Amino acid sequence: MTEMLGWPQANCGLALCVDDRFPLKANGESSMDTNEQGEAFGAWLLKQTNRDDWIGTLAKQAKGDPKFQKSLKPDDLRKRLHDAGAEGDTFEALDDAENEWLNA
(Lines give C-alpha, C1' and ligand atoms only; values in the text may rest on other atoms or scores of the structure.)
Protein backbone atom coordinates (compact mmCIF):
# COMPACT_ATOMS: atom_id res chain seq x y z
CA MET A 1 0.00 0.00 0.00
CA THR A 2 2.95 2.34 0.37
CA GLU A 3 3.11 2.89 -3.36
CA MET A 4 -0.64 3.34 -3.62
CA LEU A 5 -0.64 6.13 -1.04
CA GLY A 6 2.48 7.72 -2.47
CA TRP A 7 4.30 8.26 0.81
CA PRO A 8 7.48 10.27 0.27
CA GLN A 9 10.73 8.38 0.45
CA ALA A 10 12.82 8.77 3.61
CA ASN A 11 15.24 11.11 1.84
CA CYS A 12 12.50 13.71 1.26
CA GLY A 13 12.91 16.83 3.36
CA LEU A 14 10.13 18.27 5.43
CA ALA A 15 8.78 21.45 3.85
CA LEU A 16 6.65 23.85 5.84
CA CYS A 17 3.81 25.80 4.34
CA VAL A 18 1.50 28.55 5.52
CA ASP A 19 -2.24 28.12 5.13
CA ASP A 20 -4.37 31.26 5.20
CA ARG A 21 -7.31 29.30 6.62
CA PHE A 22 -5.57 29.13 10.01
CA PRO A 23 -4.36 32.42 11.49
CA LEU A 24 -0.89 32.59 12.95
CA LYS A 25 -0.22 33.25 16.61
CA ALA A 26 2.04 36.11 17.65
CA ASN A 27 5.02 33.73 17.68
CA GLY A 28 4.36 32.72 14.05
CA GLU A 29 2.92 29.29 14.85
CA SER A 30 -0.39 28.16 13.44
CA SER A 31 -3.35 28.18 15.79
CA MET A 32 -3.87 24.53 14.77
CA ASP A 33 -0.72 23.15 16.40
CA THR A 34 -2.77 20.88 18.66
CA ASN A 35 -6.31 19.59 18.91
CA GLU A 36 -8.62 20.27 21.87
CA GLN A 37 -6.83 17.54 23.81
CA GLY A 38 -3.51 19.36 23.38
CA GLU A 39 -2.14 16.68 21.05
CA ALA A 40 -0.11 17.49 17.93
CA PHE A 41 -1.32 15.92 14.70
CA GLY A 42 1.87 13.94 14.12
CA ALA A 43 1.75 12.45 17.62
CA TRP A 44 -1.92 11.54 17.18
CA LEU A 45 -1.28 9.97 13.77
CA LEU A 46 1.49 7.76 15.13
CA LYS A 47 -1.02 6.29 17.61
CA GLN A 48 -3.26 5.12 14.74
CA THR A 49 -0.99 2.30 13.48
CA ASN A 50 -3.31 -0.46 14.75
CA ARG A 51 -6.17 0.63 12.49
CA ASP A 52 -7.22 -1.43 9.48
CA ASP A 53 -8.12 1.47 7.20
CA TRP A 54 -6.42 4.20 5.14
CA ILE A 55 -5.63 6.23 8.25
CA GLY A 56 -3.89 3.18 9.71
CA THR A 57 -1.90 2.80 6.50
CA LEU A 58 -0.93 6.47 6.60
CA ALA A 59 0.10 6.06 10.26
CA LYS A 60 2.23 2.99 9.51
CA GLN A 61 4.00 4.85 6.73
CA ALA A 62 4.61 7.81 9.02
CA LYS A 63 6.02 5.54 11.70
CA GLY A 64 8.44 4.03 9.18
CA ASP A 65 9.69 7.44 8.04
CA PRO A 66 12.76 8.49 10.07
CA LYS A 67 12.09 12.16 9.22
CA PHE A 68 8.48 12.16 10.41
CA GLN A 69 8.03 14.41 13.44
CA LYS A 70 5.41 14.20 16.16
CA SER A 71 4.99 17.97 15.95
CA LEU A 72 3.99 17.76 12.26
CA LYS A 73 0.83 19.65 11.31
CA PRO A 74 -1.67 18.34 8.75
CA ASP A 75 -0.81 21.05 6.23
CA ASP A 76 2.90 20.33 6.59
CA LEU A 77 2.27 16.68 5.75
CA ARG A 78 -0.09 17.67 2.93
CA LYS A 79 2.66 19.83 1.37
CA ARG A 80 5.25 17.10 1.79
CA LEU A 81 2.99 14.50 0.18
CA HIS A 82 2.13 16.88 -2.68
CA ASP A 83 5.83 17.52 -3.33
CA ALA A 84 6.41 13.75 -3.39
CA GLY A 85 3.72 13.26 -6.04
CA ALA A 86 1.15 11.52 -3.86
CA GLU A 87 -2.24 10.74 -5.38
CA GLY A 88 -5.84 11.43 -4.37
CA ASP A 89 -6.34 8.51 -1.98
CA THR A 90 -3.47 9.77 0.14
CA PHE A 91 -5.01 13.20 0.51
CA GLU A 92 -8.43 11.71 1.24
CA ALA A 93 -6.88 9.63 4.03
CA LEU A 94 -5.08 12.71 5.33
CA ASP A 95 -8.29 14.75 5.28
CA ASP A 96 -10.09 12.01 7.21
CA ALA A 97 -7.22 11.80 9.69
CA GLU A 98 -7.21 15.56 10.20
CA ASN A 99 -10.97 15.59 10.88
CA GLU A 100 -10.67 12.77 13.39
CA TRP A 101 -7.70 14.43 15.08
CA LEU A 102 -9.58 17.72 15.42
CA ASN A 103 -12.53 15.91 16.98
CA ALA A 104 -10.50 13.61 19.26
# chains A, B, ... in the order shown; residues from 1 in each chain; ligands from 1
call {"tool": "residues_around", "arguments": {"residues": "stretch 42-54 of chain A", "least_positions_apart": "3", "cutoff": "8 Å", "atoms": "only C-alpha atoms", "output": "list in words"}}
result
Glu39, Thr57, Leu58, Ala59, Lys60, Ala62, Lys63, Phe68, Gln69, Lys70, Ser71, Leu72, Lys73, Pro74, Ala93, Ala97 and Trp101 of chain A
call {"tool": "write_last_selection", "arguments": {"atoms": "N, CA, C and O atoms", "output": "CSV table (one decimal), in the first residue's frame"}}
result
chain,number,residue,atom,x,y,z
A,39,GLU,N,-3.0,17.6,21.7
A,39,GLU,CA,-2.1,16.7,21.0
A,39,GLU,C,-1.8,17.1,19.6
A,39,GLU,O,-2.7,17.5,18.9
A,57,THR,N,-3.0,2.9,7.5
A,57,THR,CA,-1.9,2.8,6.5
A,57,THR,C,-1.0,4.0,6.5
A,57,THR,O,0.2,4.0,6.5
A,58,LEU,N,-1.7,5.2,6.5
A,58,LEU,CA,-0.9,6.5,6.6
A,58,LEU,C,-0.1,6.5,7.9
A,58,LEU,O,1.1,6.9,7.8
A,59,ALA,N,-0.6,6.1,9.0
A,59,ALA,CA,0.1,6.1,10.3
A,59,ALA,C,1.3,5.1,10.2
A,59,ALA,O,2.4,5.4,10.7
A,60,LYS,N,1.1,3.9,9.6
A,60,LYS,CA,2.2,3.0,9.5
A,60,LYS,C,3.4,3.6,8.7
A,60,LYS,O,4.5,3.4,8.9
A,62,ALA,N,4.0,6.7,8.2
A,62,ALA,CA,4.6,7.8,9.0
A,62,ALA,C,5.6,7.2,10.0
A,62,ALA,O,6.7,7.7,10.2
A,63,LYS,N,5.2,6.2,10.7
A,63,LYS,CA,6.0,5.5,11.7
A,63,LYS,C,7.3,5.0,11.1
A,63,LYS,O,8.4,5.0,11.7
A,68,PHE,N,9.8,11.8,9.9
A,68,PHE,CA,8.5,12.2,10.4
A,68,PHE,C,8.6,12.7,11.8
A,68,PHE,O,9.3,12.1,12.7
A,69,GLN,N,8.0,13.8,12.1
A,69,GLN,CA,8.0,14.4,13.4
A,69,GLN,C,6.7,14.4,14.1
A,69,GLN,O,5.7,14.7,13.5
A,70,LYS,N,6.7,14.2,15.4
A,70,LYS,CA,5.4,14.2,16.2
A,70,LYS,C,4.7,15.6,16.1
A,70,LYS,O,3.5,15.7,16.3
A,71,SER,N,5.5,16.6,15.9
A,71,SER,CA,5.0,18.0,15.9
A,71,SER,C,4.4,18.4,14.6
A,71,SER,O,3.9,19.5,14.4
A,72,LEU,N,4.5,17.5,13.6
A,72,LEU,CA,4.0,17.8,12.3
A,72,LEU,C,2.5,18.2,12.2
A,72,LEU,O,1.7,17.5,12.9
A,73,LYS,N,2.2,19.2,11.5
A,73,LYS,CA,0.8,19.7,11.3
A,73,LYS,C,0.3,19.0,10.0
A,73,LYS,O,1.0,18.7,9.1
A,74,PRO,N,-1.1,18.9,10.0
A,74,PRO,CA,-1.7,18.3,8.7
A,74,PRO,C,-1.2,19.0,7.5
A,74,PRO,O,-1.0,18.4,6.5
A,93,ALA,N,-7.2,10.2,2.7
A,93,ALA,CA,-6.9,9.6,4.0
A,93,ALA,C,-6.4,10.7,5.0
A,93,ALA,O,-6.7,10.7,6.2
A,97,ALA,N,-8.0,11.8,8.5
A,97,ALA,CA,-7.2,11.8,9.7
A,97,ALA,C,-7.3,13.2,10.4
A,97,ALA,O,-7.4,13.2,11.6
A,101,TRP,N,-8.6,13.8,14.1
A,101,TRP,CA,-7.7,14.4,15.1
A,101,TRP,C,-8.3,15.7,15.7
A,101,TRP,O,-8.3,15.9,16.9
call {"tool": "closest_residue", "arguments": {"among": "A:Ala40, A:Asp65, A:Gly56, A:Asn35", "to": "A:Leu94", "atoms": "only C-alpha atoms"}}
result
A:Gly56
call {"tool": "atom_distance", "arguments": {"atom1": "atom CA of A:Ala84", "atom2": "atom CA of A:Asn99"}}
result
22.6 Å
call {"tool": "atom_distance", "arguments": {"atom1": "atom CA of A:Gln37", "atom2": "atom CA of A:Ala104"}}
result
7.0 Å
call {"tool": "atom_distance", "arguments": {"atom1": "atom CA of A:Glu100", "atom2": "atom CA of A:Phe41"}}
result
10.0 Å
call {"tool": "select_by_dssp", "arguments": {"residues": "stretch 66-101 of chain A", "states": "alpha helix (DSSP H)", "output": "PDB file with all heavy atoms, in the first residue's frame"}}
result
ATOM      1  N   PRO A  74      -1.064  18.930   9.956  1.00  0.00           N
ATOM      2  CA  PRO A  74      -1.668  18.341   8.748  1.00  0.00           C
ATOM      3  C   PRO A  74      -1.237  19.035   7.455  1.00  0.00           C
ATOM      4  O   PRO A  74      -0.957  18.371   6.460  1.00  0.00           O
ATOM      5  CB  PRO A  74      -3.172  18.502   8.988  1.00  0.00           C
ATOM      6  CG  PRO A  74      -3.312  18.574  10.463  1.00  0.00           C
ATOM      7  CD  PRO A  74      -2.074  19.249  10.959  1.00  0.00           C
ATOM      8  N   ASP A  75      -1.184  20.344   7.452  1.00  0.00           N
ATOM      9  CA  ASP A  75      -0.812  21.050   6.225  1.00  0.00           C
ATOM     10  C   ASP A  75       0.649  20.847   5.868  1.00  0.00           C
ATOM     11  O   ASP A  75       1.010  20.872   4.691  1.00  0.00           O
ATOM     12  CB  ASP A  75      -1.147  22.537   6.323  1.00  0.00           C
ATOM     13  CG  ASP A  75      -2.639  22.787   6.161  1.00  0.00           C
ATOM     14  OD1 ASP A  75      -3.312  21.938   5.545  1.00  0.00           O
ATOM     15  OD2 ASP A  75      -3.116  23.814   6.644  1.00  0.00           O
ATOM     16  N   ASP A  76       1.500  20.636   6.873  1.00  0.00           N
ATOM     17  CA  ASP A  76       2.904  20.333   6.595  1.00  0.00           C
ATOM     18  C   ASP A  76       3.009  18.990   5.874  1.00  0.00           C
ATOM     19  O   ASP A  76       3.737  18.846   4.897  1.00  0.00           O
ATOM     20  CB  ASP A  76       3.726  20.264   7.887  1.00  0.00           C
ATOM     21  CG  ASP A  76       3.733  21.568   8.663  1.00  0.00           C
ATOM     22  OD1 ASP A  76       3.510  22.631   8.058  1.00  0.00           O
ATOM     23  OD2 ASP A  76       3.964  21.506   9.887  1.00  0.00           O
ATOM     24  N   LEU A  77       2.264  18.002   6.372  1.00  0.00           N
ATOM     25  CA  LEU A  77       2.272  16.685   5.747  1.00  0.00           C
ATOM     26  C   LEU A  77       1.634  16.743   4.362  1.00  0.00           C
ATOM     27  O   LEU A  77       2.122  16.121   3.419  1.00  0.00           O
ATOM     28  CB  LEU A  77       1.548  15.669   6.630  1.00  0.00           C
ATOM     29  CG  LEU A  77       1.520  14.236   6.124  1.00  0.00           C
ATOM     30  CD1 LEU A  77       2.923  13.717   5.801  1.00  0.00           C
ATOM     31  CD2 LEU A  77       0.831  13.332   7.137  1.00  0.00           C
ATOM     32  N   ARG A  78       0.569  17.513   4.227  1.00  0.00           N
ATOM     33  CA  ARG A  78      -0.095  17.673   2.929  1.00  0.00           C
ATOM     34  C   ARG A  78       0.888  18.231   1.896  1.00  0.00           C
ATOM     35  O   ARG A  78       0.972  17.741   0.770  1.00  0.00           O
ATOM     36  CB  ARG A  78      -1.297  18.605   3.100  1.00  0.00           C
ATOM     37  CG  ARG A  78      -2.264  18.598   1.962  1.00  0.00           C
ATOM     38  CD  ARG A  78      -3.542  19.360   2.307  1.00  0.00           C
ATOM     39  NE  ARG A  78      -4.441  18.523   3.115  1.00  0.00           N
ATOM     40  CZ  ARG A  78      -4.692  18.713   4.416  1.00  0.00           C
ATOM     41  NH1 ARG A  78      -4.160  19.705   5.074  1.00  0.00           N
ATOM     42  NH2 ARG A  78      -5.507  17.893   5.048  1.00  0.00           N
ATOM     43  N   LYS A  79       1.656  19.232   2.271  1.00  0.00           N
ATOM     44  CA  LYS A  79       2.657  19.832   1.375  1.00  0.00           C
ATOM     45  C   LYS A  79       3.734  18.815   1.029  1.00  0.00           C
ATOM     46  O   LYS A  79       4.136  18.686  -0.130  1.00  0.00           O
ATOM     47  CB  LYS A  79       3.271  21.059   2.055  1.00  0.00           C
ATOM     48  CG  LYS A  79       4.485  21.633   1.365  1.00  0.00           C
ATOM     49  CD  LYS A  79       4.116  22.529   0.224  1.00  0.00           C
ATOM     50  CE  LYS A  79       5.314  23.325  -0.270  1.00  0.00           C
ATOM     51  NZ  LYS A  79       5.834  22.869  -1.523  1.00  0.00           N
ATOM     52  N   ARG A  80       4.198  18.103   2.010  1.00  0.00           N
ATOM     53  CA  ARG A  80       5.245  17.102   1.795  1.00  0.00           C
ATOM     54  C   ARG A  80       4.769  16.003   0.847  1.00  0.00           C
ATOM     55  O   ARG A  80       5.493  15.598  -0.063  1.00  0.00           O
ATOM     56  CB  ARG A  80       5.654  16.512   3.136  1.00  0.00           C
ATOM     57  CG  ARG A  80       6.815  15.597   3.062  1.00  0.00           C
ATOM     58  CD  ARG A  80       7.268  15.221   4.437  1.00  0.00           C
ATOM     59  NE  ARG A  80       8.299  14.206   4.309  1.00  0.00           N
ATOM     60  CZ  ARG A  80       8.678  13.426   5.278  1.00  0.00           C
ATOM     61  NH1 ARG A  80       8.149  13.544   6.464  1.00  0.00           N
ATOM     62  NH2 ARG A  80       9.598  12.526   5.089  1.00  0.00           N
ATOM     63  N   LEU A  81       3.543  15.536   1.048  1.00  0.00           N
ATOM     64  CA  LEU A  81       2.986  14.501   0.178  1.00  0.00           C
ATOM     65  C   LEU A  81       2.779  15.026  -1.238  1.00  0.00           C
ATOM     66  O   LEU A  81       3.041  14.316  -2.209  1.00  0.00           O
ATOM     67  CB  LEU A  81       1.668  13.981   0.754  1.00  0.00           C
ATOM     68  CG  LEU A  81       1.796  13.174   2.049  1.00  0.00           C
ATOM     69  CD1 LEU A  81       0.422  12.955   2.663  1.00  0.00           C
ATOM     70  CD2 LEU A  81       2.517  11.866   1.813  1.00  0.00           C
ATOM     71  N   HIS A  82       2.314  16.262  -1.359  1.00  0.00           N
ATOM     72  CA  HIS A  82       2.132  16.879  -2.675  1.00  0.00           C
ATOM     73  C   HIS A  82       3.465  16.949  -3.410  1.00  0.00           C
ATOM     74  O   HIS A  82       3.562  16.591  -4.586  1.00  0.00           O
ATOM     75  CB  HIS A  82       1.518  18.266  -2.528  1.00  0.00           C
ATOM     76  CG  HIS A  82       1.336  18.967  -3.828  1.00  0.00           C
ATOM     77  ND1 HIS A  82       2.287  19.799  -4.355  1.00  0.00           N
ATOM     78  CD2 HIS A  82       0.313  18.928  -4.717  1.00  0.00           C
ATOM     79  CE1 HIS A  82       1.863  20.259  -5.509  1.00  0.00           C
ATOM     80  NE2 HIS A  82       0.664  19.748  -5.762  1.00  0.00           N
ATOM     81  N   ASP A  83       4.499  17.400  -2.720  1.00  0.00           N
ATOM     82  CA  ASP A  83       5.830  17.516  -3.327  1.00  0.00           C
ATOM     83  C   ASP A  83       6.382  16.160  -3.749  1.00  0.00           C
ATOM     84  O   ASP A  83       7.171  16.077  -4.688  1.00  0.00           O
ATOM     85  CB  ASP A  83       6.811  18.189  -2.362  1.00  0.00           C
ATOM     86  CG  ASP A  83       6.493  19.666  -2.144  1.00  0.00           C
ATOM     87  OD1 ASP A  83       5.664  20.231  -2.899  1.00  0.00           O
ATOM     88  OD2 ASP A  83       7.064  20.250  -1.207  1.00  0.00           O
ATOM     89  N   GLY A  88      -4.608  11.074  -5.055  1.00  0.00           N
ATOM     90  CA  GLY A  88      -5.839  11.434  -4.371  1.00  0.00           C
ATOM     91  C   GLY A  88      -6.182  10.651  -3.125  1.00  0.00           C
ATOM     92  O   GLY A  88      -6.643  11.220  -2.147  1.00  0.00           O
ATOM     93  N   ASP A  89      -5.997   9.321  -3.152  1.00  0.00           N
ATOM     94  CA  ASP A  89      -6.338   8.506  -1.980  1.00  0.00           C
ATOM     95  C   ASP A  89      -5.536   8.929  -0.755  1.00  0.00           C
ATOM     96  O   ASP A  89      -6.039   8.882   0.358  1.00  0.00           O
ATOM     97  CB  ASP A  89      -6.088   7.023  -2.249  1.00  0.00           C
ATOM     98  CG  ASP A  89      -7.114   6.416  -3.188  1.00  0.00           C
ATOM     99  OD1 ASP A  89      -8.175   7.045  -3.397  1.00  0.00           O
ATOM    100  OD2 ASP A  89      -6.860   5.326  -3.719  1.00  0.00           O
ATOM    101  N   THR A  90      -4.316   9.334  -0.963  1.00  0.00           N
ATOM    102  CA  THR A  90      -3.468   9.773   0.142  1.00  0.00           C
ATOM    103  C   THR A  90      -4.057  11.014   0.792  1.00  0.00           C
ATOM    104  O   THR A  90      -4.141  11.103   2.018  1.00  0.00           O
ATOM    105  CB  THR A  90      -2.053  10.095  -0.362  1.00  0.00           C
ATOM    106  OG1 THR A  90      -1.537   8.960  -1.028  1.00  0.00           O
ATOM    107  CG2 THR A  90      -1.144  10.485   0.777  1.00  0.00           C
ATOM    108  N   PHE A  91      -4.472  11.955  -0.024  1.00  0.00           N
ATOM    109  CA  PHE A  91      -5.010  13.196   0.506  1.00  0.00           C
ATOM    110  C   PHE A  91      -6.374  12.990   1.154  1.00  0.00           C
ATOM    111  O   PHE A  91      -6.708  13.647   2.135  1.00  0.00           O
ATOM    112  CB  PHE A  91      -5.053  14.268  -0.584  1.00  0.00           C
ATOM    113  CG  PHE A  91      -3.675  14.626  -1.064  1.00  0.00           C
ATOM    114  CD1 PHE A  91      -3.198  14.141  -2.266  1.00  0.00           C
ATOM    115  CD2 PHE A  91      -2.842  15.409  -0.288  1.00  0.00           C
ATOM    116  CE1 PHE A  91      -1.921  14.450  -2.701  1.00  0.00           C
ATOM    117  CE2 PHE A  91      -1.559  15.721  -0.708  1.00  0.00           C
ATOM    118  CZ  PHE A  91      -1.098  15.240  -1.919  1.00  0.00           C
ATOM    119  N   GLU A  92      -7.145  12.045   0.619  1.00  0.00           N
ATOM    120  CA  GLU A  92      -8.425  11.712   1.238  1.00  0.00           C
ATOM    121  C   GLU A  92      -8.201  11.100   2.622  1.00  0.00           C
ATOM    122  O   GLU A  92      -8.893  11.448   3.584  1.00  0.00           O
ATOM    123  CB  GLU A  92      -9.198  10.739   0.343  1.00  0.00           C
ATOM    124  CG  GLU A  92     -10.616  10.526   0.775  1.00  0.00           C
ATOM    125  CD  GLU A  92     -11.412   9.696  -0.215  1.00  0.00           C
ATOM    126  OE1 GLU A  92     -11.170   9.806  -1.431  1.00  0.00           O
ATOM    127  OE2 GLU A  92     -12.265   8.935   0.248  1.00  0.00           O
ATOM    128  N   ALA A  93      -7.215  10.223   2.731  1.00  0.00           N
ATOM    129  CA  ALA A  93      -6.880   9.633   4.032  1.00  0.00           C
ATOM    130  C   ALA A  93      -6.387  10.711   4.991  1.00  0.00           C
ATOM    131  O   ALA A  93      -6.748  10.717   6.174  1.00  0.00           O
ATOM    132  CB  ALA A  93      -5.818   8.546   3.867  1.00  0.00           C
ATOM    133  N   LEU A  94      -5.583  11.627   4.493  1.00  0.00           N
ATOM    134  CA  LEU A  94      -5.076  12.710   5.334  1.00  0.00           C
ATOM    135  C   LEU A  94      -6.211  13.621   5.789  1.00  0.00           C
ATOM    136  O   LEU A  94      -6.261  14.031   6.952  1.00  0.00           O
ATOM    137  CB  LEU A  94      -3.995  13.501   4.587  1.00  0.00           C
ATOM    138  CG  LEU A  94      -3.380  14.682   5.325  1.00  0.00           C
ATOM    139  CD1 LEU A  94      -2.827  14.282   6.689  1.00  0.00           C
ATOM    140  CD2 LEU A  94      -2.292  15.314   4.469  1.00  0.00           C
ATOM    141  N   ASP A  95      -7.129  13.937   4.901  1.00  0.00           N
ATOM    142  CA  ASP A  95      -8.289  14.755   5.277  1.00  0.00           C
ATOM    143  C   ASP A  95      -9.107  14.071   6.365  1.00  0.00           C
ATOM    144  O   ASP A  95      -9.517  14.702   7.343  1.00  0.00           O
ATOM    145  CB  ASP A  95      -9.184  15.033   4.068  1.00  0.00           C
ATOM    146  CG  ASP A  95      -8.551  15.977   3.057  1.00  0.00           C
ATOM    147  OD1 ASP A  95      -7.557  16.660   3.395  1.00  0.00           O
ATOM    148  OD2 ASP A  95      -9.046  16.013   1.909  1.00  0.00           O
ATOM    149  N   ASP A  96      -9.348  12.767   6.201  1.00  0.00           N
ATOM    150  CA  ASP A  96     -10.088  12.008   7.214  1.00  0.00           C
ATOM    151  C   ASP A  96      -9.344  11.997   8.545  1.00  0.00           C
ATOM    152  O   ASP A  96      -9.948  12.171   9.609  1.00  0.00           O
ATOM    153  CB  ASP A  96     -10.330  10.570   6.742  1.00  0.00           C
ATOM    154  CG  ASP A  96     -11.308  10.462   5.594  1.00  0.00           C
ATOM    155  OD1 ASP A  96     -12.026  11.454   5.307  1.00  0.00           O
ATOM    156  OD2 ASP A  96     -11.369   9.385   4.975  1.00  0.00           O
ATOM    157  N   ALA A  97      -8.030  11.814   8.474  1.00  0.00           N
ATOM    158  CA  ALA A  97      -7.219  11.798   9.691  1.00  0.00           C
ATOM    159  C   ALA A  97      -7.266  13.154  10.380  1.00  0.00           C
ATOM    160  O   ALA A  97      -7.409  13.231  11.611  1.00  0.00           O
ATOM    161  CB  ALA A  97      -5.775  11.413   9.362  1.00  0.00           C
ATOM    162  N   GLU A  98      -7.165  14.224   9.610  1.00  0.00           N
ATOM    163  CA  GLU A  98      -7.209  15.562  10.196  1.00  0.00           C
ATOM    164  C   GLU A  98      -8.553  15.806  10.899  1.00  0.00           C
ATOM    165  O   GLU A  98      -8.594  16.335  12.017  1.00  0.00           O
ATOM    166  CB  GLU A  98      -6.977  16.629   9.131  1.00  0.00           C
ATOM    167  CG  GLU A  98      -6.983  18.035   9.683  1.00  0.00           C
ATOM    168  CD  GLU A  98      -6.696  19.098   8.633  1.00  0.00           C
ATOM    169  OE1 GLU A  98      -6.716  18.799   7.414  1.00  0.00           O
ATOM    170  OE2 GLU A  98      -6.455  20.243   9.037  1.00  0.00           O
ATOM    171  N   ASN A  99      -9.649  15.409  10.258  1.00  0.00           N
ATOM    172  CA  ASN A  99     -10.966  15.594  10.879  1.00  0.00           C
ATOM    173  C   ASN A  99     -11.094  14.810  12.177  1.00  0.00           C
ATOM    174  O   ASN A  99     -11.620  15.316  13.161  1.00  0.00           O
ATOM    175  CB  ASN A  99     -12.063  15.193   9.897  1.00  0.00           C
ATOM    176  CG  ASN A  99     -12.247  16.201   8.794  1.00  0.00           C
ATOM    177  OD1 ASN A  99     -11.984  17.382   8.988  1.00  0.00           O
ATOM    178  ND2 ASN A  99     -12.698  15.747   7.641  1.00  0.00           N
ATOM    179  N   GLU A 100     -10.611  13.567  12.179  1.00  0.00           N
ATOM    180  CA  GLU A 100     -10.671  12.766  13.395  1.00  0.00           C
ATOM    181  C   GLU A 100      -9.799  13.360  14.492  1.00  0.00           C
ATOM    182  O   GLU A 100     -10.176  13.393  15.662  1.00  0.00           O
ATOM    183  CB  GLU A 100     -10.266  11.317  13.113  1.00  0.00           C
ATOM    184  CG  GLU A 100     -11.339  10.547  12.418  1.00  0.00           C
ATOM    185  CD  GLU A 100     -11.058   9.055  12.403  1.00  0.00           C
ATOM    186  OE1 GLU A 100     -10.450   8.536  13.361  1.00  0.00           O
ATOM    187  OE2 GLU A 100     -11.460   8.414  11.424  1.00  0.00           O
ATOM    188  N   TRP A 101      -8.607  13.827  14.119  1.00  0.00           N
ATOM    189  CA  TRP A 101      -7.696  14.434  15.082  1.00  0.00           C
ATOM    190  C   TRP A 101      -8.326  15.681  15.713  1.00  0.00           C
ATOM    191  O   TRP A 101      -8.255  15.868  16.935  1.00  0.00           O
ATOM    192  CB  TRP A 101      -6.384  14.777  14.383  1.00  0.00           C
ATOM    193  CG  TRP A 101      -5.487  15.716  15.113  1.00  0.00           C
ATOM    194  CD1 TRP A 101      -4.772  15.433  16.248  1.00  0.00           C
ATOM    195  CD2 TRP A 101      -5.187  17.080  14.783  1.00  0.00           C
ATOM    196  NE1 TRP A 101      -4.050  16.537  16.620  1.00  0.00           N
ATOM    197  CE2 TRP A 101      -4.283  17.563  15.740  1.00  0.00           C
ATOM    198  CE3 TRP A 101      -5.590  17.915  13.755  1.00  0.00           C
ATOM    199  CZ2 TRP A 101      -3.779  18.864  15.715  1.00  0.00           C
ATOM    200  CZ3 TRP A 101      -5.094  19.199  13.713  1.00  0.00           C
ATOM    201  CH2 TRP A 101      -4.209  19.663  14.684  1.00  0.00           C
TER     202      TRP A 101
END
